[in-house]
Amino acid sequence: MKIAPSILSADFSRLSEDIKTVKSAEWLHIDVMDGHFVPNLTIGPLVVNAIRPHTNQFFDTHLMIAEPEKYYQEFIAAGSDAITFHIETVRDPKALIDAIHQAQAKAGISLKPKTEVASVEPYLADLDLVLVMSVEPGFGGQTFIENSLEKIERLAKLKLEHGYDYDISVDGGINDETAKRCLCAGATVLVAGSYIFKSKDREKTIKGLRNDR
Ligand code: DX5
Ligand code: ZN
């Protein structure tokens, strides 16, 4: 199981120092928003490039943008290890998965809370990651949406039945309590922003999320 602190809740004026406070996490989650697919603007490839020399952590890049096929290459060049795009934003998901793999990065698909697992089923065999949004994408600090658990269970079942090997990641409203339930449902990556970055002892909070105190 991997923890992916979302730097959306970090202090942007001192990102490199804030990253050092979550060193025990395997991944860093980078939320990219375009003010179009979601009503907020955040990080571009310049920021990814700026923080890349400060850590060896895996950069889990969550593109909440329209036309991800136009931008994925810039993020990979800047240092992203995985590119996750939204199923709601592309006409030909398989072509984009292949293009991301061709560029030597891991490929993920994310689904908004109201999007059914069935919409990503045709692509599961090719994916490295499925990201279940457990809040409406756009902002940190929202409350976990319960139907996410059924989606995680369904993705875990399909993975087992077909021998797929994607990670199942869950993003939004993760805290000690929701983390436990997501892990029981089959999640393998927990994304957490405000819960980690607003806590006093971030490393202890990460340990707590792993259920290992
Ligand atoms: C929301 C982002 C999340 C967000 C999670 O659109 O995709 O990654 O940072 O924040 P918390 O953990 O505070 O819900
Ligand atoms: Zn995210």
# chains A, B, ... in the order shown; residues from 1 in each chain; ligands from 1
>>> residues_around(residues="Tyr72 of chain A", least_positions_apart="4", cutoff="12 Å", atoms="only C-alpha atoms", output="mmCIF file with C-alpha atoms, in the first residue's frame")
data_model
loop_
_atom_site.group_PDB
_atom_site.id
_atom_site.type_symbol
_atom_site.label_atom_id
_atom_site.label_comp_id
_atom_site.auth_asym_id
_atom_site.auth_seq_id
_atom_site.Cartn_x
_atom_site.Cartn_y
_atom_site.Cartn_z
ATOM 1 C CA VAL A 32 -3.242 19.846 -12.175
ATOM 2 C CA GLY A 44 1.703 23.405 -14.496
ATOM 3 C CA PRO A 45 4.811 21.573 -15.759
ATOM 4 C CA THR A 61 0.272 13.500 -11.737
ATOM 5 C CA HIS A 62 -3.491 13.938 -11.721
ATOM 6 C CA LEU A 63 -4.594 15.898 -14.782
ATOM 7 C CA MET A 64 -7.974 17.519 -14.135
ATOM 8 C CA ILE A 65 -7.857 19.273 -17.485
ATOM 9 C CA ALA A 66 -9.644 19.257 -20.809
ATOM 10 C CA GLU A 67 -7.573 17.891 -23.711
ATOM 11 C CA PRO A 68 -4.973 16.026 -21.633
ATOM 12 C CA ILE A 76 6.549 13.724 -18.432
ATOM 13 C CA ALA A 77 9.439 15.899 -19.640
ATOM 14 C CA ALA A 78 9.177 17.893 -16.398
ATOM 15 C CA GLY A 79 9.524 14.733 -14.297
ATOM 16 C CA SER A 80 6.107 13.118 -13.888
ATOM 17 C CA ASP A 81 6.315 9.331 -13.401
ATOM 18 C CA ALA A 82 2.614 8.663 -13.926
ATOM 19 C CA ILE A 83 0.000 10.570 -15.887
ATOM 20 C CA THR A 84 -3.602 10.108 -14.846
ATOM 21 C CA PHE A 85 -6.250 11.699 -17.043
ATOM 22 C CA LEU A 96 -3.766 8.251 -24.892
ATOM 23 C CA ILE A 97 -2.787 5.293 -22.667
ATOM 24 C CA ASP A 98 -0.559 3.999 -25.470
ATOM 25 C CA ALA A 99 0.967 7.443 -26.024
ATOM 26 C CA ILE A 100 1.754 7.824 -22.302
ATOM 27 C CA HIS A 101 3.401 4.384 -22.271
ATOM 28 C CA GLN A 102 5.343 5.284 -25.385
ATOM 29 C CA ALA A 103 6.687 8.299 -23.502
ATOM 30 C CA GLN A 104 7.935 5.903 -20.759
ATOM 31 C CA ALA A 105 5.429 6.902 -18.076
ATOM 32 C CA LYS A 106 2.781 4.948 -16.180
ATOM 33 C CA ALA A 107 -0.788 5.548 -17.321
ATOM 34 C CA GLY A 108 -3.835 6.081 -15.134
#
>>> residues_around(residues="Leu131 of chain A", least_positions_apart="2", cutoff="9 Å", atoms="only C-alpha atoms", output="PyMOL selection string")
chain A and resi 62+84+86+108-111+129+133+167-171+189
>>> select_by_dssp(residues="chain A", states="strand (DSSP E)", output="JSON, numbers by chain")
{"A": [2, 3, 4, 5, 27, 28, 29, 30, 31, 32, 33, 58, 59, 60, 61, 62, 63, 64, 82, 83, 84, 85, 86, 106, 107, 108, 109, 110, 111, 129, 130, 131, 132, 133, 167, 168, 169, 170, 171, 189, 190, 191, 192]}
>>> closest_residue(among="A:Gly208, A:Asp165, A:Leu127, A:Gly172", to="Glu146 of chain A", atoms="only C-alpha atoms")
A:Gly172
>>> closest_residue(among="A:Asn49, A:Thr89, A:Ser194, A:Thr42", to="Ile206 of chain A", atoms="only C-alpha atoms")
A:Ser194
>>> closest_residue(among="A:Lys70, A:Lys200, A:His162, A:Lys112", to="ligand 2", atoms="only C-alpha atoms and all ligand atoms")
A:Lys112
>>> atom_distance(atom1="atom CA of Tyr123 of chain A", atom2="atom CA of Ala95 of chain A")
10.4 Å
>>> closest_residue(among="A:Ile145, A:Leu41, A:Leu124, A:Leu190", to="Gly163 of chain A", atoms="only C-alpha atoms")
A:Leu124
>>> select_by_dssp(residues="segment 8-213 of chain A", states="helix (DSSP H, G or I)", output="ChimeraX atom specification")
/A:8-9,12-20,45-54,68-70,72-78,87-89,93-102,117-119,121-126,148-162,176-185,194-197,202-209
>>> write_last_selection(atoms="C-alpha atoms", output="PDB file, in the first residue's frame")
ATOM      1  CA  LEU A   8      -2.386  20.919  -3.258  1.00  0.00           C
ATOM      2  CA  SER A   9      -2.558  21.393   0.524  1.00  0.00           C
ATOM      3  CA  PHE A  12       3.276  26.837  -2.280  1.00  0.00           C
ATOM      4  CA  SER A  13       5.753  29.495  -1.116  1.00  0.00           C
ATOM      5  CA  ARG A  14       8.000  26.789   0.337  1.00  0.00           C
ATOM      6  CA  LEU A  15       7.176  23.647  -1.625  1.00  0.00           C
ATOM      7  CA  SER A  16      10.636  22.060  -1.476  1.00  0.00           C
ATOM      8  CA  GLU A  17      10.698  22.282   2.346  1.00  0.00           C
ATOM      9  CA  ASP A  18       7.141  21.005   2.666  1.00  0.00           C
ATOM     10  CA  ILE A  19       7.984  18.009   0.481  1.00  0.00           C
ATOM     11  CA  LYS A  20      10.749  17.069   2.915  1.00  0.00           C
ATOM     12  CA  PRO A  45       4.811  21.573 -15.759  1.00  0.00           C
ATOM     13  CA  LEU A  46       7.072  24.425 -14.572  1.00  0.00           C
ATOM     14  CA  VAL A  47       6.255  23.613 -10.967  1.00  0.00           C
ATOM     15  CA  VAL A  48       6.757  19.884 -11.517  1.00  0.00           C
ATOM     16  CA  ASN A  49      10.145  20.647 -13.021  1.00  0.00           C
ATOM     17  CA  ALA A  50      11.037  22.945 -10.100  1.00  0.00           C
ATOM     18  CA  ILE A  51      10.322  20.346  -7.406  1.00  0.00           C
ATOM     19  CA  ARG A  52      11.763  17.347  -9.291  1.00  0.00           C
ATOM     20  CA  PRO A  53      15.367  17.810  -8.003  1.00  0.00           C
ATOM     21  CA  HIS A  54      14.154  17.888  -4.384  1.00  0.00           C
ATOM     22  CA  PRO A  68      -4.973  16.026 -21.633  1.00  0.00           C
ATOM     23  CA  GLU A  69      -3.521  14.677 -24.900  1.00  0.00           C
ATOM     24  CA  LYS A  70      -2.141  18.191 -25.534  1.00  0.00           C
ATOM     25  CA  TYR A  72       0.861  14.966 -21.004  1.00  0.00           C
ATOM     26  CA  GLN A  73       4.248  15.114 -22.760  1.00  0.00           C
ATOM     27  CA  GLU A  74       5.224  18.360 -21.059  1.00  0.00           C
ATOM     28  CA  PHE A  75       4.503  16.847 -17.663  1.00  0.00           C
ATOM     29  CA  ILE A  76       6.549  13.724 -18.432  1.00  0.00           C
ATOM     30  CA  ALA A  77       9.439  15.899 -19.640  1.00  0.00           C
ATOM     31  CA  ALA A  78       9.177  17.893 -16.398  1.00  0.00           C
ATOM     32  CA  ILE A  87     -12.148   9.391 -18.607  1.00  0.00           C
ATOM     33  CA  GLU A  88     -14.697  12.221 -19.019  1.00  0.00           C
ATOM     34  CA  THR A  89     -12.202  14.315 -21.037  1.00  0.00           C
ATOM     35  CA  PRO A  93      -8.672   6.676 -24.017  1.00  0.00           C
ATOM     36  CA  LYS A  94      -6.736   3.702 -25.447  1.00  0.00           C
ATOM     37  CA  ALA A  95      -4.748   5.987 -27.787  1.00  0.00           C
ATOM     38  CA  LEU A  96      -3.766   8.251 -24.892  1.00  0.00           C
ATOM     39  CA  ILE A  97      -2.787   5.293 -22.667  1.00  0.00           C
ATOM     40  CA  ASP A  98      -0.559   3.999 -25.470  1.00  0.00           C
ATOM     41  CA  ALA A  99       0.967   7.443 -26.024  1.00  0.00           C
ATOM     42  CA  ILE A 100       1.754   7.824 -22.302  1.00  0.00           C
ATOM     43  CA  HIS A 101       3.401   4.384 -22.271  1.00  0.00           C
ATOM     44  CA  GLN A 102       5.343   5.284 -25.385  1.00  0.00           C
ATOM     45  CA  VAL A 117     -16.767   1.959 -13.271  1.00  0.00           C
ATOM     46  CA  ALA A 118     -18.223   0.450 -16.468  1.00  0.00           C
ATOM     47  CA  SER A 119     -16.889   3.440 -18.420  1.00  0.00           C
ATOM     48  CA  GLU A 121     -13.722  -1.338 -17.921  1.00  0.00           C
ATOM     49  CA  PRO A 122     -12.600  -1.596 -21.576  1.00  0.00           C
ATOM     50  CA  TYR A 123      -9.212  -0.078 -20.640  1.00  0.00           C
ATOM     51  CA  LEU A 124      -8.403  -1.890 -17.397  1.00  0.00           C
ATOM     52  CA  ALA A 125      -6.047  -4.421 -18.991  1.00  0.00           C
ATOM     53  CA  ASP A 126      -3.807  -1.569 -20.204  1.00  0.00           C
ATOM     54  CA  SER A 148     -16.591   5.444  -3.757  1.00  0.00           C
ATOM     55  CA  LEU A 149     -16.262   2.303  -1.623  1.00  0.00           C
ATOM     56  CA  GLU A 150     -18.454   0.268  -3.981  1.00  0.00           C
ATOM     57  CA  LYS A 151     -16.364   1.459  -6.933  1.00  0.00           C
ATOM     58  CA  ILE A 152     -13.142   0.398  -5.211  1.00  0.00           C
ATOM     59  CA  GLU A 153     -14.679  -3.016  -4.433  1.00  0.00           C
ATOM     60  CA  ARG A 154     -15.793  -3.436  -8.037  1.00  0.00           C
ATOM     61  CA  LEU A 155     -12.322  -2.493  -9.360  1.00  0.00           C
ATOM     62  CA  ALA A 156     -10.686  -4.915  -6.895  1.00  0.00           C
ATOM     63  CA  LYS A 157     -13.045  -7.704  -8.004  1.00  0.00           C
ATOM     64  CA  LEU A 158     -12.350  -7.114 -11.700  1.00  0.00           C
ATOM     65  CA  LYS A 159      -8.620  -7.020 -10.994  1.00  0.00           C
ATOM     66  CA  LEU A 160      -8.746 -10.383  -9.247  1.00  0.00           C
ATOM     67  CA  GLU A 161     -11.062 -12.024 -11.790  1.00  0.00           C
ATOM     68  CA  HIS A 162      -8.976 -11.009 -14.802  1.00  0.00           C
ATOM     69  CA  ASP A 176      -7.776   7.741   9.401  1.00  0.00           C
ATOM     70  CA  GLU A 177     -11.338   6.511   9.331  1.00  0.00           C
ATOM     71  CA  THR A 178     -12.048   6.660   5.569  1.00  0.00           C
ATOM     72  CA  ALA A 179      -8.541   5.259   4.864  1.00  0.00           C
ATOM     73  CA  LYS A 180      -9.319   2.051   6.770  1.00  0.00           C
ATOM     74  CA  ARG A 181     -12.547   1.542   4.863  1.00  0.00           C
ATOM     75  CA  CYS A 182     -10.866   2.180   1.495  1.00  0.00           C
ATOM     76  CA  LEU A 183      -8.110  -0.314   2.310  1.00  0.00           C
ATOM     77  CA  CYS A 184     -10.685  -2.945   3.306  1.00  0.00           C
ATOM     78  CA  ALA A 185     -12.482  -2.315  -0.003  1.00  0.00           C
ATOM     79  CA  SER A 194      -5.427  18.402   3.922  1.00  0.00           C
ATOM     80  CA  TYR A 195      -5.331  15.497   6.399  1.00  0.00           C
ATOM     81  CA  ILE A 196      -1.550  15.171   6.036  1.00  0.00           C
ATOM     82  CA  PHE A 197      -0.479  18.774   5.431  1.00  0.00           C
ATOM     83  CA  ARG A 202       2.979  14.720   9.171  1.00  0.00           C
ATOM     84  CA  GLU A 203       5.139  11.599   9.329  1.00  0.00           C
ATOM     85  CA  LYS A 204       3.024  10.306  12.211  1.00  0.00           C
ATOM     86  CA  THR A 205      -0.124  11.019  10.217  1.00  0.00           C
ATOM     87  CA  ILE A 206       1.286   9.051   7.269  1.00  0.00           C
ATOM     88  CA  LYS A 207       2.068   6.142   9.612  1.00  0.00           C
ATOM     89  CA  GLY A 208      -1.472   6.343  10.970  1.00  0.00           C
ATOM     90  CA  LEU A 209      -2.929   6.148   7.457  1.00  0.00           C
TER      91      LEU A 209
END
>>> closest_atom_pairs(of="chain A", to="ligand 1", cutoff="6 Å", atoms="only C-alpha atoms and all ligand atoms", output="CSV")
residue,atom,partner,partner_atom_place_in_ligand_line,distance
A:Ser6,CA,ligand 1,9 (O),5.0
A:Leu8,CA,ligand 1,9 (O),5.0
A:Asp31,CA,ligand 1,7 (O),5.6
A:Pro137,CA,ligand 1,6 (O),3.3
A:Gly138,CA,ligand 1,6 (O),3.8
A:Phe139,CA,ligand 1,1 (C),4.6
A:Gly140,CA,ligand 1,10 (O),3.5
A:Gly141,CA,ligand 1,13 (O),3.6
A:Gln142,CA,ligand 1,14 (O),5.1
A:Asp171,CA,ligand 1,8 (O),5.4
A:Gly172,CA,ligand 1,14 (O),3.5
A:Gly173,CA,ligand 1,14 (O),3.8
A:Ile174,CA,ligand 1,12 (O),5.3
A:Ala192,CA,ligand 1,12 (O),3.7
A:Gly193,CA,ligand 1,12 (O),3.6
A:Ser194,CA,ligand 1,13 (O),3.7
A:Tyr195,CA,ligand 1,12 (O),5.9
>>> write_last_selection(atoms="all heavy atoms", output="compact mmCIF listing (two decimals), in the first residue's frame")
# COMPACT_ATOMS: atom_id res chain seq x y z
N SER A 6 -1.05 14.86 -1.27
CA SER A 6 -1.37 15.78 -2.35
C SER A 6 -0.80 17.15 -2.01
O SER A 6 -1.21 17.77 -1.02
CB SER A 6 -2.89 15.88 -2.53
OG SER A 6 -3.18 17.02 -3.29
N LEU A 8 -1.40 19.84 -3.17
CA LEU A 8 -2.39 20.92 -3.26
C LEU A 8 -2.57 21.60 -1.90
O LEU A 8 -2.86 22.79 -1.82
CB LEU A 8 -3.72 20.34 -3.75
CG LEU A 8 -4.85 21.30 -4.05
CD1 LEU A 8 -4.45 22.28 -5.15
CD2 LEU A 8 -6.10 20.54 -4.47
N ASP A 31 -1.78 17.75 -8.28
CA ASP A 31 -3.10 18.06 -8.83
C ASP A 31 -3.03 19.20 -9.84
O ASP A 31 -2.76 20.34 -9.48
CB ASP A 31 -4.05 18.44 -7.70
CG ASP A 31 -4.50 17.23 -6.91
OD1 ASP A 31 -4.93 16.24 -7.53
OD2 ASP A 31 -4.41 17.26 -5.67
N PRO A 137 -13.90 16.68 -8.13
CA PRO A 137 -12.57 17.26 -8.30
C PRO A 137 -12.61 18.79 -8.35
O PRO A 137 -13.58 19.37 -8.82
CB PRO A 137 -12.10 16.67 -9.63
CG PRO A 137 -13.32 16.17 -10.32
CD PRO A 137 -14.31 15.83 -9.25
N GLY A 138 -11.57 19.40 -7.82
CA GLY A 138 -11.46 20.86 -7.87
C GLY A 138 -10.83 21.46 -6.63
O GLY A 138 -10.10 22.43 -6.72
N PHE A 139 -11.12 20.88 -5.47
CA PHE A 139 -10.65 21.49 -4.22
C PHE A 139 -10.29 20.43 -3.19
O PHE A 139 -10.89 19.35 -3.17
CB PHE A 139 -11.74 22.40 -3.64
CG PHE A 139 -12.13 23.49 -4.59
CD1 PHE A 139 -13.18 23.31 -5.48
CD2 PHE A 139 -11.42 24.69 -4.63
CE1 PHE A 139 -13.53 24.30 -6.39
CE2 PHE A 139 -11.76 25.69 -5.54
CZ PHE A 139 -12.82 25.49 -6.42
N GLY A 140 -9.32 20.79 -2.33
CA GLY A 140 -8.99 19.93 -1.20
C GLY A 140 -9.99 20.19 -0.07
O GLY A 140 -10.81 21.11 -0.14
N GLY A 141 -9.92 19.34 0.95
CA GLY A 141 -10.69 19.58 2.18
C GLY A 141 -12.17 19.27 2.12
O GLY A 141 -12.94 19.75 2.95
N GLN A 142 -12.62 18.47 1.15
CA GLN A 142 -14.05 18.12 1.08
C GLN A 142 -14.33 16.79 1.79
O GLN A 142 -13.41 16.07 2.17
CB GLN A 142 -14.48 18.02 -0.38
CG GLN A 142 -14.21 19.25 -1.23
CD GLN A 142 -14.70 19.03 -2.66
OE1 GLN A 142 -15.91 19.03 -2.93
NE2 GLN A 142 -13.77 18.83 -3.58
N ASP A 171 -8.98 9.25 -3.93
CA ASP A 171 -8.55 10.65 -3.81
C ASP A 171 -9.71 11.54 -3.37
O ASP A 171 -10.68 11.72 -4.11
CB ASP A 171 -8.02 11.08 -5.19
CG ASP A 171 -7.47 12.49 -5.21
OD1 ASP A 171 -7.32 13.11 -4.14
OD2 ASP A 171 -7.18 12.98 -6.33
N GLY A 172 -9.58 12.10 -2.17
CA GLY A 172 -10.56 13.06 -1.67
C GLY A 172 -11.18 12.64 -0.36
O GLY A 172 -11.72 11.54 -0.25
N GLY A 173 -11.04 13.49 0.66
CA GLY A 173 -11.68 13.22 1.96
C GLY A 173 -11.06 12.06 2.72
O GLY A 173 -11.72 11.42 3.54
N ILE A 174 -9.76 11.77 2.45
CA ILE A 174 -9.13 10.65 3.15
C ILE A 174 -8.60 11.11 4.52
O ILE A 174 -7.87 12.09 4.63
CB ILE A 174 -7.99 10.03 2.29
CG1 ILE A 174 -8.55 9.38 1.02
CG2 ILE A 174 -7.18 9.00 3.11
CD1 ILE A 174 -9.53 8.23 1.23
N ALA A 192 -3.91 11.79 0.06
CA ALA A 192 -4.45 12.64 1.13
C ALA A 192 -3.74 13.98 1.12
O ALA A 192 -2.51 14.04 1.10
CB ALA A 192 -4.28 11.96 2.48
N GLY A 193 -4.52 15.05 1.09
CA GLY A 193 -3.97 16.40 1.06
C GLY A 193 -4.08 17.07 2.41
O GLY A 193 -3.13 17.10 3.19
N SER A 194 -5.26 17.61 2.70
CA SER A 194 -5.43 18.40 3.92
C SER A 194 -5.14 17.58 5.18
O SER A 194 -4.54 18.09 6.12
CB SER A 194 -6.83 19.00 3.98
OG SER A 194 -7.80 18.03 3.74
N TYR A 195 -5.52 16.31 5.18
CA TYR A 195 -5.33 15.50 6.40
C TYR A 195 -3.85 15.39 6.76
O TYR A 195 -3.49 15.45 7.93
CB TYR A 195 -5.95 14.12 6.20
CG TYR A 195 -6.00 13.30 7.48
CD1 TYR A 195 -6.78 13.72 8.55
CD2 TYR A 195 -5.27 12.13 7.60
CE1 TYR A 195 -6.83 12.99 9.73
CE2 TYR A 195 -5.32 11.38 8.77
CZ TYR A 195 -6.10 11.82 9.83
OH TYR A 195 -6.14 11.10 10.99
